[in-house]
file entry-v7.tsv (TSV, C-alpha atoms)
chain	number	residue	atom	x	y	z
A	1	MET	CA	-11.27	18.36	-36.35
A	2	LYS	CA	-13.38	19.97	-33.60
A	3	LYS	CA	-14.73	16.55	-32.64
A	4	LEU	CA	-11.21	15.17	-32.36
A	5	ILE	CA	-10.14	18.01	-30.07
A	6	ALA	CA	-13.30	17.59	-27.99
A	7	LEU	CA	-12.67	13.86	-27.70
A	8	ALA	CA	-9.04	14.40	-26.67
A	9	THR	CA	-10.11	16.97	-24.06
A	10	LEU	CA	-12.75	14.61	-22.68
A	11	LEU	CA	-10.27	11.75	-22.50
A	12	LEU	CA	-7.74	13.93	-20.68
A	13	ALA	CA	-10.38	15.12	-18.20
A	14	PHE	CA	-11.45	11.54	-17.51
A	15	THR	CA	-7.84	10.45	-16.96
A	16	ILE	CA	-7.21	13.26	-14.49
A	17	ASN	CA	-10.45	12.41	-12.65
A	18	VAL	CA	-9.46	8.75	-12.31
A	19	SER	CA	-5.99	9.69	-11.03
A	20	ALA	CA	-7.49	12.01	-8.44
A	21	GLN	CA	-9.85	9.30	-7.22
A	22	GLU	CA	-7.02	6.81	-6.78
A	23	LYS	CA	-5.14	9.19	-4.52
A	24	LYS	CA	-8.14	9.66	-2.21
A	25	MET	CA	-8.24	6.03	-1.10
A	26	SER	CA	-8.91	5.62	2.62
A	27	PRO	CA	-6.28	4.04	4.87
A	28	GLN	CA	-8.52	0.98	5.26
A	29	GLU	CA	-8.83	0.52	1.50
A	30	SER	CA	-5.12	1.01	1.01
A	31	ALA	CA	-4.39	-1.54	3.75
A	32	LYS	CA	-6.76	-4.10	2.21
A	33	ASN	CA	-5.15	-3.61	-1.21
A	34	ASP	CA	-1.70	-4.10	0.32
A	35	ILE	CA	-2.70	-7.33	2.05
A	36	ILE	CA	-4.51	-8.66	-1.02
A	37	ALA	CA	-1.28	-8.12	-2.98
A	38	LEU	CA	0.72	-9.80	-0.22
A	39	ALA	CA	-1.66	-12.76	0.05
A	40	ALA	CA	-1.44	-13.30	-3.71
A	41	LYS	CA	2.30	-13.91	-3.35
A	42	VAL	CA	2.65	-15.38	0.14
A	43	LYS	CA	0.37	-18.03	1.64
A	44	MET	CA	-1.08	-16.97	4.99
A	45	SER	CA	-4.05	-17.63	7.23
A	46	GLU	CA	-7.16	-15.46	7.34
A	47	THR	CA	-6.32	-14.50	10.92
A	48	LEU	CA	-2.89	-13.25	9.90
A	49	GLN	CA	-4.42	-11.34	6.99
A	50	GLN	CA	-6.86	-9.57	9.35
A	51	ASP	CA	-4.04	-8.73	11.77
A	52	LEU	CA	-1.92	-7.35	8.94
A	53	ILE	CA	-4.83	-5.28	7.63
A	54	THR	CA	-5.05	-3.66	11.07
A	55	LEU	CA	-1.29	-3.02	11.04
A	56	MET	CA	-1.34	-1.61	7.50
A	57	THR	CA	-4.34	0.61	8.33
A	58	MET	CA	-2.38	2.11	11.22
A	59	LYS	CA	0.63	2.57	8.93
A	60	HIS	CA	-1.40	4.36	6.25
A	61	GLU	CA	-3.06	6.60	8.83
A	62	THR	CA	0.33	7.52	10.28
A	63	MET	CA	1.93	8.17	6.90
A	64	SER	CA	-0.95	10.41	5.81
A	65	ASP	CA	-0.66	12.56	8.95
A	66	ALA	CA	0.64	15.87	7.64
A	67	SER	CA	1.58	17.09	11.12
A	68	LEU	CA	4.32	14.48	11.52
A	69	SER	CA	7.88	15.36	10.55
A	70	ASN	CA	9.73	13.31	7.96
A	71	GLU	CA	11.97	11.92	10.70
A	72	LYS	CA	9.01	10.69	12.74
A	73	LYS	CA	7.42	9.18	9.64
A	74	GLU	CA	10.65	7.36	8.82
A	75	ASN	CA	10.87	6.02	12.37
A	76	ALA	CA	7.25	4.89	12.18
A	77	ARG	CA	7.86	3.29	8.77
A	78	GLN	CA	10.74	1.29	10.17
A	79	ALA	CA	8.66	0.20	13.16
A	80	TYR	CA	5.80	-0.93	10.89
A	81	GLU	CA	8.24	-2.77	8.64
A	82	HIS	CA	9.66	-4.58	11.67
A	83	LYS	CA	6.17	-5.50	12.89
A	84	LEU	CA	5.19	-6.76	9.44
A	85	MET	CA	8.27	-8.94	9.12
A	86	SER	CA	8.00	-10.26	12.67
A	87	GLY	CA	4.42	-11.35	11.99
A	88	LEU	CA	5.56	-13.57	9.12
A	89	THR	CA	7.31	-16.93	9.41
A	90	LYS	CA	10.82	-17.38	8.09
A	91	GLU	CA	9.44	-19.07	4.96
A	92	GLN	CA	6.89	-16.30	4.39
A	93	ARG	CA	9.59	-13.63	4.74
A	94	ALA	CA	11.82	-15.48	2.28
A	95	GLU	CA	8.93	-15.71	-0.21
A	96	LEU	CA	8.11	-12.02	0.23
A	97	MET	CA	11.72	-11.00	-0.39
A	98	LYS	CA	11.45	-12.48	-3.88
A	99	TYR	CA	9.19	-9.53	-4.75
A	100	PRO	CA	11.11	-6.30	-4.02
A	101	GLU	CA	8.40	-4.07	-5.51
A	102	LEU	CA	5.83	-5.61	-3.16
A	103	VAL	CA	8.16	-5.13	-0.20
A	104	LYS	CA	8.56	-1.48	-1.20
A	105	GLN	CA	4.76	-1.08	-1.52
A	106	LEU	CA	4.18	-2.61	1.90
A	107	THR	CA	6.87	-0.64	3.71
A	108	ARG	CA	6.45	2.83	2.19

call {"tool": "encode", "arguments": {"input": "entry-v7.tsv", "output": "structure tokens"}}
result
Amino acid sequence: MKKLIALATLLLAFTINVSAQEKKMSPQESAKNDIIALAAKVKMSETLQQDLITLMTMKHETMSDASLSNEKKENARQAYEHKLMSGLTKEQRAELMKYPELVKQLTR
């Protein structure tokens, strides 16, 4: 019984540690993950991917800035969403809109 409790405690500690590590991802890593997810669904050139990584990095840096008010963050989010969509062709935007969870991930 003691071993079972020890195992459950260890498993819980490991799970909490993994969750904490996921939250500490840098803006660059978050941006790369976003664009990898986007590129898996929407065909795009390497150049566009690099440009979007730069855009997403700026977005993640802005959104993680604790000194910004919620209103300023919302305005920035809308601006980044507009820039993202304007960088895609009409066909790419249509393909992206088929994946609402991905759109939410990219714009939040």

call {"tool": "atom_distance", "arguments": {"input": "entry-v7.tsv", "atom1": "atom CA of A:Leu88", "atom2": "atom CA of A:Leu55"}}
result
12.7 Å

call {"tool": "closest_residue", "arguments": {"input": "entry-v7.tsv", "among": "A:Asn33, A:Thr89, A:Gln49, A:Ser26", "to": "A:Met63", "atoms": "all atoms listed in the file"}}
result
A:Ser26

call {"tool": "atom_distance", "arguments": {"input": "entry-v7.tsv", "atom1": "atom CA of A:Leu96", "atom2": "atom CA of A:Leu68"}}
result
29.1 Å

call {"tool": "closest_residue", "arguments": {"input": "entry-v7.tsv", "among": "A:Ala76, A:Ala40, A:Met25, A:Ala66", "to": "A:Leu102", "atoms": "only C-alpha atoms"}}
result
A:Ala40

call {"tool": "atom_distance", "arguments": {"input": "entry-v7.tsv", "atom1": "atom CA of A:Glu91", "atom2": "atom CA of A:Lys43"}}
result
9.7 Å

call {"tool": "closest_residue", "arguments": {"input": "entry-v7.tsv", "among": "A:Leu38, A:Lys73, A:Ala31, A:His60", "to": "A:Gln92", "atoms": "only C-alpha atoms"}}
result
A:Leu38

call {"tool": "closest_residue", "arguments": {"input": "entry-v7.tsv", "among": "A:Glu95, A:Ser86, A:Asn75, A:Glu81", "to": "A:Lys41", "atoms": "all atoms listed in the file"}}
result
A:Glu95

call {"tool": "closest_residue", "arguments": {"input": "entry-v7.tsv", "among": "A:Thr107, A:Leu48, A:Ser30, A:Ile36", "to": "A:Glu61", "atoms": "all atoms listed in the file"}}
result
A:Ser30

call {"tool": "closest_residue", "arguments": {"input": "entry-v7.tsv", "among": "A:Met97, A:Ala79, A:Met56, A:Met85", "to": "A:Gln28", "atoms": "all atoms listed in the file"}}
result
A:Met56
